[in-house]
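Novice: One file is attached below, start06.txt, containing compact mmCIF, C-alpha atoms.
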```txt
# COMPACT_ATOMS: atom_id res chain seq x y z
CA MET A 1 4.68 27.91 -14.08
CA ILE A 2 3.68 24.65 -15.68
CA LYS A 3 0.04 23.74 -15.26
CA TYR A 4 -0.70 20.18 -14.31
CA PRO A 5 -3.84 18.48 -15.59
CA ASN A 6 -5.15 17.57 -12.16
CA GLY A 7 -4.31 20.87 -10.57
CA GLN A 8 -1.70 19.31 -8.32
CA LYS A 9 1.94 20.19 -8.21
CA PRO A 10 4.20 17.19 -8.69
CA ILE A 11 6.27 16.58 -5.58
CA ASN A 12 9.44 17.15 -7.57
CA GLU A 13 8.63 20.74 -8.32
CA THR A 14 9.71 22.24 -5.03
CA LYS A 15 13.20 22.86 -3.72
CA ILE A 16 14.97 21.75 -6.85
CA LYS A 17 18.41 23.16 -7.54
CA PRO A 18 18.15 25.64 -10.43
CA THR A 19 20.60 23.84 -12.70
CA LYS A 20 18.66 20.60 -12.58
CA LYS A 21 15.26 22.23 -12.65
CA ARG A 22 14.37 21.97 -16.32
CA HIS A 23 15.34 18.33 -16.67
CA ILE A 24 13.63 17.16 -13.48
CA LEU A 25 10.48 19.14 -14.17
CA ASN A 26 10.17 17.66 -17.63
CA ALA A 27 10.71 14.14 -16.38
CA ALA A 28 8.26 14.68 -13.55
CA ASN A 29 5.71 16.23 -15.85
CA ARG A 30 5.91 13.38 -18.34
CA GLY A 31 5.53 10.71 -15.68
CA MET A 32 2.81 12.71 -13.94
CA CYS A 33 0.73 13.07 -17.11
CA PHE A 34 0.52 9.34 -17.73
CA GLU A 35 -0.14 8.67 -14.05
CA SER A 36 -2.76 11.40 -14.00
CA ASP A 37 -4.44 9.94 -17.11
CA ILE A 38 -4.58 6.50 -15.49
CA ASN A 39 -5.96 8.02 -12.29
CA LYS A 40 -8.67 9.78 -14.31
CA THR A 41 -9.49 6.52 -16.06
CA ASN A 42 -9.82 4.83 -12.65
CA GLU A 43 -12.06 7.63 -11.42
CA TYR A 44 -14.23 7.18 -14.52
CA TYR A 45 -14.47 3.45 -13.78
CA ARG A 46 -15.44 4.12 -10.17
CA VAL A 47 -18.06 6.77 -10.92
CA ASN A 48 -19.57 4.68 -13.73
CA ASN A 49 -19.62 1.55 -11.58
CA ILE A 50 -17.28 -0.43 -13.83
CA ALA A 51 -14.33 -1.29 -11.55
CA ILE A 52 -12.50 -0.10 -8.43
CA ILE A 53 -8.80 0.45 -9.08
CA THR A 54 -6.65 2.49 -6.68
CA LYS A 55 -3.09 3.76 -6.74
CA ARG A 56 -0.83 2.61 -3.96
CA PRO A 57 0.71 5.61 -2.20
CA THR A 58 4.45 6.06 -2.63
CA PRO A 59 6.11 4.38 0.35
CA ILE A 60 7.98 6.90 2.48
CA ASN A 61 10.27 6.14 5.40
CA VAL A 62 9.49 8.78 8.03
CA VAL A 63 12.47 9.57 10.26
CA LYS A 64 11.49 12.72 12.17
CA VAL A 65 8.12 14.18 13.09
CA ASP A 66 7.62 17.50 14.82
CA TYR A 67 4.53 17.10 16.98
CA SER A 68 4.67 20.71 18.13
CA LYS A 69 3.70 21.68 14.55
CA GLY A 70 0.72 19.38 14.00
CA SER A 71 2.60 16.19 13.09
CA LEU A 72 4.83 17.93 10.57
CA ILE A 73 7.27 15.46 8.99
CA THR A 74 10.70 17.10 8.93
CA LYS A 75 12.88 14.22 7.76
CA ALA A 76 11.89 11.34 5.52
CA TYR A 77 13.06 9.36 2.52
CA PHE A 78 11.33 7.92 -0.53
CA GLU A 79 11.40 4.13 -0.52
CA LYS A 80 11.27 1.82 -3.51
CA GLN A 81 7.84 0.42 -4.28
CA SER A 82 8.17 -3.32 -3.59
CA THR A 83 4.90 -4.19 -5.27
CA THR A 84 3.24 -2.30 -8.14
CA ASP A 85 1.53 1.03 -8.73
CA TYR A 86 -2.11 -0.03 -8.97
CA ASN A 87 -4.47 -2.73 -7.83
CA GLY A 88 -8.16 -3.29 -7.48
CA VAL A 89 -11.22 -5.30 -8.33
CA TYR A 90 -13.16 -5.99 -11.53
CA LYS A 91 -16.08 -8.46 -11.44
CA GLY A 92 -14.73 -9.88 -8.19
CA ARG A 93 -11.33 -10.61 -9.75
CA TYR A 94 -8.10 -9.16 -8.42
CA ILE A 95 -6.33 -6.76 -10.81
CA ASP A 96 -2.72 -5.63 -10.35
CA PHE A 97 -0.54 -3.58 -12.67
CA GLU A 98 2.51 -1.42 -13.04
CA ALA A 99 2.51 1.72 -15.20
CA LYS A 100 5.62 2.77 -17.11
CA SER A 101 6.09 5.83 -19.28
CA VAL A 102 9.17 5.47 -21.50
CA GLU A 103 11.08 7.85 -23.71
CA SER A 104 12.19 5.15 -26.13
CA LYS A 105 10.53 4.54 -29.51
CA THR A 106 11.68 0.95 -29.68
CA SER A 107 11.76 -0.82 -26.31
CA LEU A 108 10.84 -0.95 -22.61
CA PRO A 109 14.03 -0.72 -20.52
CA LEU A 110 14.11 -3.30 -17.72
CA SER A 111 16.46 -1.27 -15.53
CA ASN A 112 13.77 0.39 -13.41
CA ILE A 113 11.68 -2.72 -12.82
CA SER A 114 12.81 -4.19 -9.50
CA SER A 115 13.18 -7.85 -8.63
CA HIS A 116 10.61 -7.31 -5.87
CA GLN A 117 8.08 -6.12 -8.42
CA ILE A 118 8.78 -9.15 -10.61
CA SER A 119 8.27 -11.53 -7.64
CA HIS A 120 5.09 -9.71 -6.76
CA LEU A 121 3.70 -10.10 -10.29
CA LYS A 122 4.59 -13.83 -10.25
CA ASP A 123 2.79 -14.20 -6.92
CA VAL A 124 -0.30 -12.43 -8.21
CA ILE A 125 -0.50 -14.71 -11.27
CA ASN A 126 0.02 -17.82 -9.12
CA HIS A 127 -2.96 -16.82 -7.01
CA GLY A 128 -5.27 -16.28 -9.96
CA GLY A 129 -5.00 -12.50 -10.18
CA ILE A 130 -4.82 -10.55 -13.42
CA ALA A 131 -1.45 -8.81 -13.71
CA PHE A 132 0.07 -6.67 -16.43
CA PHE A 133 2.19 -3.69 -17.39
CA ILE A 134 0.62 -0.66 -18.99
CA ILE A 135 3.34 1.07 -20.99
CA GLU A 136 3.29 4.50 -22.60
CA PHE A 137 5.77 4.98 -25.46
CA LYS A 138 5.82 8.72 -25.13
CA PRO A 139 7.46 9.70 -28.46
CA LEU A 140 4.99 7.43 -30.32
CA ASN A 141 1.91 8.50 -28.39
CA GLU A 142 1.08 4.80 -28.00
CA VAL A 143 0.03 2.82 -24.93
CA TYR A 144 0.22 -0.97 -24.67
CA ILE A 145 -0.75 -3.61 -22.18
CA LEU A 146 1.71 -6.46 -21.77
CA PRO A 147 0.35 -9.33 -19.62
CA ALA A 148 2.70 -10.21 -16.77
CA GLN A 149 2.87 -13.80 -18.08
CA GLU A 150 4.39 -12.58 -21.38
CA PHE A 151 6.73 -10.28 -19.49
CA LEU A 152 7.98 -13.24 -17.42
CA VAL A 153 8.42 -15.46 -20.50
CA PHE A 154 10.59 -12.75 -22.03
CA ILE A 155 12.87 -12.17 -19.05
CA ASN A 156 13.23 -15.92 -18.44
CA ASN A 157 14.34 -16.57 -22.03
CA GLU A 158 16.21 -13.46 -23.06
CA LYS A 159 19.24 -11.72 -21.63
CA ARG A 160 18.42 -8.33 -23.16
CA LYS A 161 18.15 -5.28 -20.94
CA SER A 162 14.96 -4.11 -22.59
CA ILE A 163 11.86 -5.61 -24.18
CA PRO A 164 11.52 -4.65 -27.86
CA LEU A 165 8.32 -2.90 -28.89
CA SER A 166 7.89 -5.62 -31.55
CA TYR A 167 7.55 -8.23 -28.75
CA ILE A 168 5.09 -6.01 -26.89
CA LYS A 169 3.04 -5.55 -30.07
CA GLU A 170 3.07 -9.31 -30.72
CA LYS A 171 2.21 -10.47 -27.18
CA GLY A 172 0.38 -7.42 -25.87
CA TYR A 173 -2.50 -5.14 -26.78
CA LEU A 174 -2.70 -1.56 -28.01
CA VAL A 175 -4.82 0.58 -25.67
CA LYS A 176 -6.82 3.09 -27.67
CA GLU A 177 -6.66 6.65 -26.39
CA GLY A 178 -9.95 8.38 -25.78
CA TYR A 179 -11.39 11.32 -23.94
CA LEU A 180 -13.14 9.39 -21.19
CA PRO A 181 -12.00 6.87 -20.22
CA ARG A 182 -8.57 8.08 -21.25
CA TYR A 183 -7.08 4.55 -21.56
CA ASP A 184 -9.78 1.91 -21.52
CA PHE A 185 -7.71 -0.96 -20.15
CA ILE A 186 -10.75 -2.70 -18.63
CA LYS A 187 -11.97 -3.41 -22.16
CA ILE A 188 -8.73 -5.30 -22.78
CA ILE A 189 -9.09 -7.19 -19.49
CA GLU A 190 -12.67 -8.07 -20.45
CA ASN A 191 -11.80 -9.17 -23.99
CA TYR A 192 -8.46 -10.89 -23.51
CA LEU A 193 -7.34 -11.36 -19.91
CA LEU A 194 -10.31 -12.70 -17.93
CA MET B 195 13.64 1.53 25.37
CA ILE B 196 10.64 -0.45 24.28
CA LYS B 197 11.45 -3.37 21.99
CA TYR B 198 9.23 -3.79 18.97
CA PRO B 199 8.42 -7.27 17.73
CA ASN B 200 9.63 -6.71 14.20
CA GLY B 201 12.76 -4.82 15.16
CA GLN B 202 11.46 -1.59 13.68
CA LYS B 203 10.94 1.64 15.49
CA PRO B 204 7.49 3.08 15.07
CA ILE B 205 7.59 6.37 13.24
CA ASN B 206 6.10 8.10 16.25
CA GLU B 207 9.07 7.35 18.43
CA THR B 208 11.32 10.13 17.19
CA LYS B 209 11.15 13.82 17.98
CA ILE B 210 8.35 13.54 20.47
CA LYS B 211 8.13 16.19 23.13
CA PRO B 212 9.14 14.61 26.46
CA THR B 213 5.86 15.32 28.23
CA LYS B 214 3.84 13.50 25.61
CA LYS B 215 6.32 10.69 25.14
CA ARG B 216 4.88 7.99 27.35
CA HIS B 217 1.35 8.33 26.08
CA ILE B 218 2.25 8.46 22.40
CA LEU B 219 4.69 5.58 22.66
CA ASN B 220 2.11 3.37 24.29
CA ALA B 221 -0.51 4.22 21.69
CA ALA B 222 1.98 3.69 18.89
CA ASN B 223 3.15 0.41 20.35
CA ARG B 224 -0.35 -0.94 20.72
CA GLY B 225 -1.32 -0.08 17.17
CA MET B 226 2.02 -1.26 15.86
CA CYS B 227 1.72 -4.68 17.51
CA PHE B 228 -1.57 -5.51 15.84
CA GLU B 229 -0.37 -4.14 12.52
CA SER B 230 2.87 -6.06 12.86
CA ASP B 231 0.97 -9.28 13.67
CA ILE B 232 -1.19 -8.85 10.57
CA ASN B 233 1.90 -8.14 8.47
CA LYS B 234 3.51 -11.34 9.78
CA THR B 235 0.34 -13.27 8.98
CA ASN B 236 0.46 -11.89 5.43
CA GLU B 237 4.12 -12.83 5.11
CA TYR B 238 3.24 -16.37 6.25
CA TYR B 239 0.51 -16.52 3.61
CA ARG B 240 2.91 -15.32 0.92
CA VAL B 241 5.75 -17.69 1.81
CA ASN B 242 3.37 -20.65 2.14
CA ASN B 243 1.67 -19.84 -1.14
CA ILE B 244 -1.76 -19.27 0.43
CA ALA B 245 -2.60 -15.66 -0.52
CA ILE B 246 -0.97 -12.33 -1.43
CA ILE B 247 -2.10 -9.54 0.86
CA THR B 248 -0.20 -6.26 1.08
CA LYS B 249 -0.42 -3.19 3.26
CA ARG B 250 -1.04 0.10 1.53
CA PRO B 251 1.65 2.62 2.47
CA THR B 252 0.49 5.57 4.57
CA PRO B 253 -0.28 8.39 2.14
CA ILE B 254 2.02 11.35 2.71
CA ASN B 255 1.76 14.76 1.11
CA VAL B 256 5.32 15.78 0.28
CA VAL B 257 5.84 19.55 0.29
CA LYS B 258 9.62 20.06 0.18
CA VAL B 259 12.43 17.86 -1.09
CA ASP B 260 16.11 18.70 -0.77
CA TYR B 261 17.78 17.23 -3.85
CA SER B 262 21.23 18.31 -2.68
CA LYS B 263 20.92 15.69 0.05
CA GLY B 264 19.84 12.67 -2.02
CA SER B 265 16.13 13.44 -2.27
CA LEU B 266 15.71 14.10 1.42
CA ILE B 267 12.13 15.05 2.26
CA THR B 268 12.23 18.06 4.59
CA LYS B 269 8.56 18.99 4.81
CA ALA B 270 5.59 16.68 4.50
CA TYR B 271 2.27 15.83 6.12
CA PHE B 272 0.43 12.62 6.87
CA GLU B 273 -2.76 12.33 4.84
CA LYS B 274 -5.87 10.40 5.75
CA GLN B 275 -6.12 6.98 4.14
CA SER B 276 -9.08 7.28 1.76
CA THR B 277 -9.34 3.56 1.18
CA THR B 278 -8.33 0.80 3.63
CA ASP B 279 -5.18 -0.63 5.16
CA TYR B 280 -4.86 -3.90 3.27
CA ASN B 281 -5.82 -5.53 0.02
CA GLY B 282 -4.81 -8.50 -2.07
CA VAL B 283 -5.74 -11.73 -3.77
CA TYR B 284 -6.95 -15.14 -2.58
CA LYS B 285 -7.94 -17.76 -5.17
CA GLY B 286 -8.27 -15.03 -7.79
CA ARG B 287 -10.73 -13.09 -5.63
CA TYR B 288 -10.14 -9.51 -4.49
CA ILE B 289 -9.75 -9.07 -0.71
CA ASP B 290 -9.91 -5.68 1.05
CA PHE B 291 -9.92 -4.90 4.75
CA GLU B 292 -9.36 -2.33 7.42
CA ALA B 293 -7.60 -3.20 10.69
CA LYS B 294 -8.64 -1.51 13.94
CA SER B 295 -7.13 -1.98 17.38
CA VAL B 296 -9.45 -0.62 20.08
CA GLU B 297 -9.07 0.03 23.78
CA SER B 298 -12.72 -0.62 24.56
CA LYS B 299 -14.01 -3.87 26.04
CA THR B 300 -17.51 -3.34 24.72
CA SER B 301 -17.63 -1.64 21.30
CA LEU B 302 -15.89 -0.43 18.14
CA PRO B 303 -15.98 3.39 18.02
CA LEU B 304 -17.02 4.70 14.60
CA SER B 305 -15.26 8.04 15.04
CA ASN B 306 -12.04 7.07 13.29
CA ILE B 307 -13.66 5.34 10.33
CA SER B 308 -13.92 7.92 7.55
CA SER B 309 -16.78 8.34 5.09
CA HIS B 310 -14.24 7.72 2.29
CA GLN B 311 -13.39 4.36 3.79
CA ILE B 312 -17.07 3.46 4.05
CA SER B 313 -17.69 4.40 0.38
CA HIS B 314 -14.66 2.38 -0.60
CA LEU B 315 -15.93 -0.72 1.22
CA LYS B 316 -19.35 -0.33 -0.43
CA ASP B 317 -17.66 -0.06 -3.83
CA VAL B 318 -15.60 -3.18 -3.20
CA ILE B 319 -18.69 -5.21 -2.25
CA ASN B 320 -20.61 -3.91 -5.29
CA HIS B 321 -17.83 -5.17 -7.54
CA GLY B 322 -17.76 -8.64 -6.01
CA GLY B 323 -14.76 -8.19 -3.73
CA ILE B 324 -14.54 -9.57 -0.20
CA ALA B 325 -14.40 -6.74 2.32
CA PHE B 326 -14.28 -6.70 6.11
CA PHE B 327 -12.94 -5.15 9.27
CA ILE B 328 -10.49 -7.04 11.44
CA ILE B 329 -10.84 -5.66 14.97
CA GLU B 330 -8.62 -6.24 17.97
CA PHE B 331 -10.29 -5.65 21.34
CA LYS B 332 -7.03 -5.06 23.13
CA PRO B 333 -8.19 -5.37 26.78
CA LEU B 334 -9.95 -8.66 25.94
CA ASN B 335 -7.16 -10.12 23.81
CA GLU B 336 -9.79 -10.96 21.21
CA VAL B 337 -9.82 -10.38 17.46
CA TYR B 338 -12.95 -10.45 15.31
CA ILE B 339 -13.78 -10.20 11.64
CA LEU B 340 -16.87 -8.17 10.82
CA PRO B 341 -17.92 -8.44 7.14
CA ALA B 342 -18.32 -5.02 5.52
CA GLN B 343 -21.93 -5.94 4.64
CA GLU B 344 -22.81 -6.32 8.35
CA PHE B 345 -20.96 -3.12 9.16
CA LEU B 346 -23.05 -1.25 6.55
CA VAL B 347 -26.32 -2.76 7.81
CA PHE B 348 -25.46 -1.48 11.28
CA ILE B 349 -24.56 2.08 10.32
CA ASN B 350 -27.59 2.33 8.01
CA ASN B 351 -30.00 1.29 10.77
CA GLU B 352 -28.49 2.62 13.97
CA LYS B 353 -27.54 6.09 15.09
CA ARG B 354 -25.03 4.91 17.70
CA LYS B 355 -21.46 6.18 17.59
CA SER B 356 -20.00 2.72 18.12
CA ILE B 357 -20.81 -0.87 17.20
CA PRO B 358 -21.39 -3.03 20.30
CA LEU B 359 -19.20 -6.09 20.71
CA SER B 360 -22.41 -8.14 21.03
CA TYR B 361 -23.33 -7.20 17.42
CA ILE B 362 -19.83 -8.04 16.23
CA LYS B 363 -20.01 -11.43 17.98
CA GLU B 364 -23.42 -12.11 16.45
CA LYS B 365 -22.65 -11.03 12.87
CA GLY B 366 -18.89 -11.58 12.79
CA TYR B 367 -16.33 -14.27 13.50
CA LEU B 368 -13.76 -14.75 16.24
CA VAL B 369 -10.25 -15.08 14.80
CA LYS B 370 -8.25 -17.58 16.80
CA GLU B 371 -4.81 -16.39 17.84
CA GLY B 372 -1.93 -18.70 16.96
CA TYR B 373 1.82 -18.63 16.60
CA LEU B 374 1.97 -18.82 12.81
CA PRO B 375 -0.15 -17.59 11.21
CA ARG B 376 -0.83 -15.15 14.02
CA TYR B 377 -4.43 -14.38 12.97
CA ASP B 378 -5.65 -16.87 10.40
CA PHE B 379 -8.24 -14.70 8.71
CA ILE B 380 -7.97 -16.59 5.41
CA LYS B 381 -9.58 -19.57 7.14
CA ILE B 382 -12.58 -17.38 7.90
CA ILE B 383 -12.70 -16.09 4.33
CA GLU B 384 -12.53 -19.69 3.08
CA ASN B 385 -15.22 -20.96 5.48
CA TYR B 386 -17.66 -18.07 5.57
CA LEU B 387 -17.00 -15.25 3.12
CA LEU B 388 -16.22 -16.83 -0.29
```
Go ahead and render the structure in this file as structure tokens.

Specialist:
Amino acid sequence: MIKYPNGQKPINETKIKPTKKRHILNAANRGMCFESDINKTNEYYRVNNIAIITKRPTPINVVKVDYSKGSLITKAYFEKQSTTDYNGVYKGRYIDFEAKSVESKTSLPLSNISSHQISHLKDVINHGGIAFFIIEFKPLNEVYILPAQEFLVFINNEKRKSIPLSYIKEKGYLVKEGYLPRYDFIKIIENYLL
Amino acid sequence: MIKYPNGQKPINETKIKPTKKRHILNAANRGMCFESDINKTNEYYRVNNIAIITKRPTPINVVKVDYSKGSLITKAYFEKQSTTDYNGVYKGRYIDFEAKSVESKTSLPLSNISSHQISHLKDVINHGGIAFFIIEFKPLNEVYILPAQEFLVFINNEKRKSIPLSYIKEKGYLVKEGYLPRYDFIKIIENYLL
């Protein structure tokens, strides 16, 4: 059995058809690692009194609940996140970001970023919040922050289905990997985004 | 069948044992109405470009997923919210609050406010965010905002298991009920909490 860094099983691990198991587990594990690293970073920030950033729970549409078994949910569906993965507060300012872990070495695919998420990021910027993407290029072992403003400039001016890494390097910021905090994105907020 | 203001069924409506049905439906409906009114207020704020406030999804611990049926969740449990119900941004500032609808005419019971939620509210205040409770006293048709600071002063100095309405009236603010926005809490933030 695969061991997960935070001791939790990913939700995808159970009841997977054998033929799909390897692929789904790998995908889940990859996504989970980056998420888990960001969660650990947030925990470090909280404990060290630097910032309070929390993950929004995955929205789930509950259809059936069995109250005879202690509110056991017996039928439900995953819903699409209409906002972003994380938000919180740093020095009184509102922080909001979406985390993406990609398999590409060259670009961030736009296919799994929803129009709702894009509207949400626009809204956050318009109200003076600090919004960005934090993107892990898995095969490169590199993590970047791309401010939501630069993301919006790109999608408003280009018809490409992905954002090239060269654009992200030019308009964004490399996040250095460390032990604790794992990805010190607050340093980038402090130095460049406030 | 009870009609819900936003056209949605509350999750509690399905698969309820007949003997418990009336009680649970009423409780669900009451809570749902207040929640739905706050959600409508937030939607009004978003559309009218006043603030972006979103509800955190209920955290659910997913145990079993049936991938042969399009990622159908077949076993899951509700988890306790470790933070608060709502957060967002107003004029760049971080906003965080918990909504409570109570049946009492005289006090806010502290029994269903978790220690995690209290720590979270402390953290938010320490980092310069604006944090409060919005409390509906259902039998009185009255809604109040109690700043998290005043909440903390009370629980640090009193051993009572509920906060009297008189304290909430003294240290908090009455939220006037309207058509749209339903509960204009941003006005109170603007006038008293910024």

Novice: Using all atoms listed in the file, find each residue in chain B having at least one atom no more than 9 Å away from chain A; report its shortest atom-to-atom pair and that distance in Å (one decimal), rows by chain then rising number, as CSV.

Specialist:
```
residue,atom,partner,partner_atom,distance
B:Ile205,CA,A:Val62,CA,6.0
B:Asn206,CA,A:Val65,CA,7.1
B:Glu207,CA,A:Lys64,CA,8.6
B:Thr208,CA,A:Lys64,CA,5.7
B:Lys209,CA,A:Val65,CA,5.8
B:Ile210,CA,A:Tyr67,CA,6.3
B:Lys211,CA,A:Tyr67,CA,7.2
B:Arg240,CA,A:Asp123,CA,7.9
B:Asn243,CA,A:His127,CA,8.1
B:Ile244,CA,A:His127,CA,7.9
B:Ala245,CA,A:His127,CA,6.6
B:Ile246,CA,A:Val124,CA,6.8
B:Thr248,CA,A:Thr83,CA,8.4
B:Arg250,CA,A:Arg56,CA,6.0
B:Pro251,CA,A:Pro59,CA,5.2
B:Thr252,CA,A:Pro57,CA,6.8
B:Pro253,CA,A:Pro57,CA,5.2
B:Ile254,CA,A:Ile60,CA,7.4
B:Asn255,CA,A:Ile11,CA,8.3
B:Val256,CA,A:Ile11,CA,6.0
B:Val257,CA,A:Ile11,CA,6.6
B:Lys258,CA,A:Thr14,CA,5.6
B:Val259,CA,A:Lys15,CA,5.7
B:Asp260,CA,A:Lys15,CA,5.9
B:Tyr261,CA,A:Ile16,CA,6.1
B:Ser262,CA,A:Lys17,CA,7.4
B:Gly264,CA,A:Tyr77,CA,8.8
B:Ser265,CA,A:Tyr77,CA,7.0
B:Leu266,CA,A:Tyr77,CA,5.5
B:Ile267,CA,A:Ala76,CA,4.9
B:Thr268,CA,A:Thr74,CA,4.7
B:Lys269,CA,A:Thr74,CA,5.0
B:Ala270,CA,A:Ile73,CA,4.9
B:Tyr271,CA,A:Leu72,CA,5.5
B:Phe272,CA,A:Ser71,CA,7.5
B:Thr277,CA,A:Thr54,CA,8.4
B:Asn281,CA,A:Gly88,CA,8.2
B:Gly282,CA,A:Tyr94,CA,7.2
B:Val283,CA,A:Tyr94,CA,5.8
B:Tyr284,CA,A:His127,CA,6.2
B:Lys285,CA,A:His127,CA,5.4
B:Gly286,CA,A:Gly128,CA,3.9
B:Arg287,CA,A:Arg93,CA,4.8
B:Tyr288,CA,A:Tyr94,CA,4.4
B:Ile289,CA,A:Tyr94,CA,7.9
B:His314,CA,A:Ile52,CA,8.5
B:Asp317,CA,A:Ile52,CA,6.9
B:Val318,CA,A:Ile52,CA,6.8
B:Ile319,CA,A:Gly92,CA,8.5
B:Asn320,CA,A:Asn49,CA,8.4
B:His321,CA,A:Lys91,CA,5.4
B:Gly322,CA,A:Gly92,CA,3.9
B:Gly323,CA,A:Gly92,CA,4.8
B:Ile324,CA,A:Gly92,CA,8.0
```

Novice: How many Å separate CA of Ala325 (chain B) from CA of Cys227 (chain B)?

Specialist: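 Pair CA of Ala325 (chain B) / CA of Cys227 (chain B) returns 22.2 Å.
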
Novice: Pick out the closest residue to Gln149 (chain A) from this set: A:Ile163, A:Ile113, A:Ile38, A:Leu121. Count all atoms listed in the file.

Specialist: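 Comparing A:Ile163, A:Ile113, A:Ile38, A:Leu121 against Gln149 (chain A), the winner is A:Leu121.
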
Novice: What is the CA of Val153 (chain A) to CA of Lys105 (chain A) distance in Å?

Specialist: 22.0 Å

Novice: Quick one, how far is CA of Phe151 (chain A) from CA of Tyr179 (chain A)?

Specialist: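 Taking CA of Phe151 (chain A) as the start and CA of Tyr179 (chain A) as the end point, the length is 28.5 Å.
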
Novice: For Ser107 (chain A), work out the shell of residues within 7 Å, counting all atoms listed in the file and skipping chain neighbours fewer than 3 positions away, then give it as an mmCIF file with C-alpha atoms, in the coordinates of the input.

Specialist:
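Resulting contents of out_12.cif:
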```cif
data_model
loop_
_atom_site.group_PDB
_atom_site.id
_atom_site.type_symbol
_atom_site.label_atom_id
_atom_site.label_comp_id
_atom_site.auth_asym_id
_atom_site.auth_seq_id
_atom_site.Cartn_x
_atom_site.Cartn_y
_atom_site.Cartn_z
ATOM 1 C CA SER A 104 12.190 5.150 -26.130
ATOM 2 C CA SER A 162 14.960 -4.110 -22.590
ATOM 3 C CA ILE A 163 11.860 -5.610 -24.180
ATOM 4 C CA PRO A 164 11.520 -4.650 -27.860
ATOM 5 C CA LEU A 165 8.320 -2.900 -28.890
#
```

Novice: Write out as a ChimeraX atom specification the residues lying within 9 Å of Ser101 (chain A), counting only C-alpha atoms and excluding same-chain residues fewer than 6 positions away.

Specialist: /A:30-31,34-35,108,134-138,143
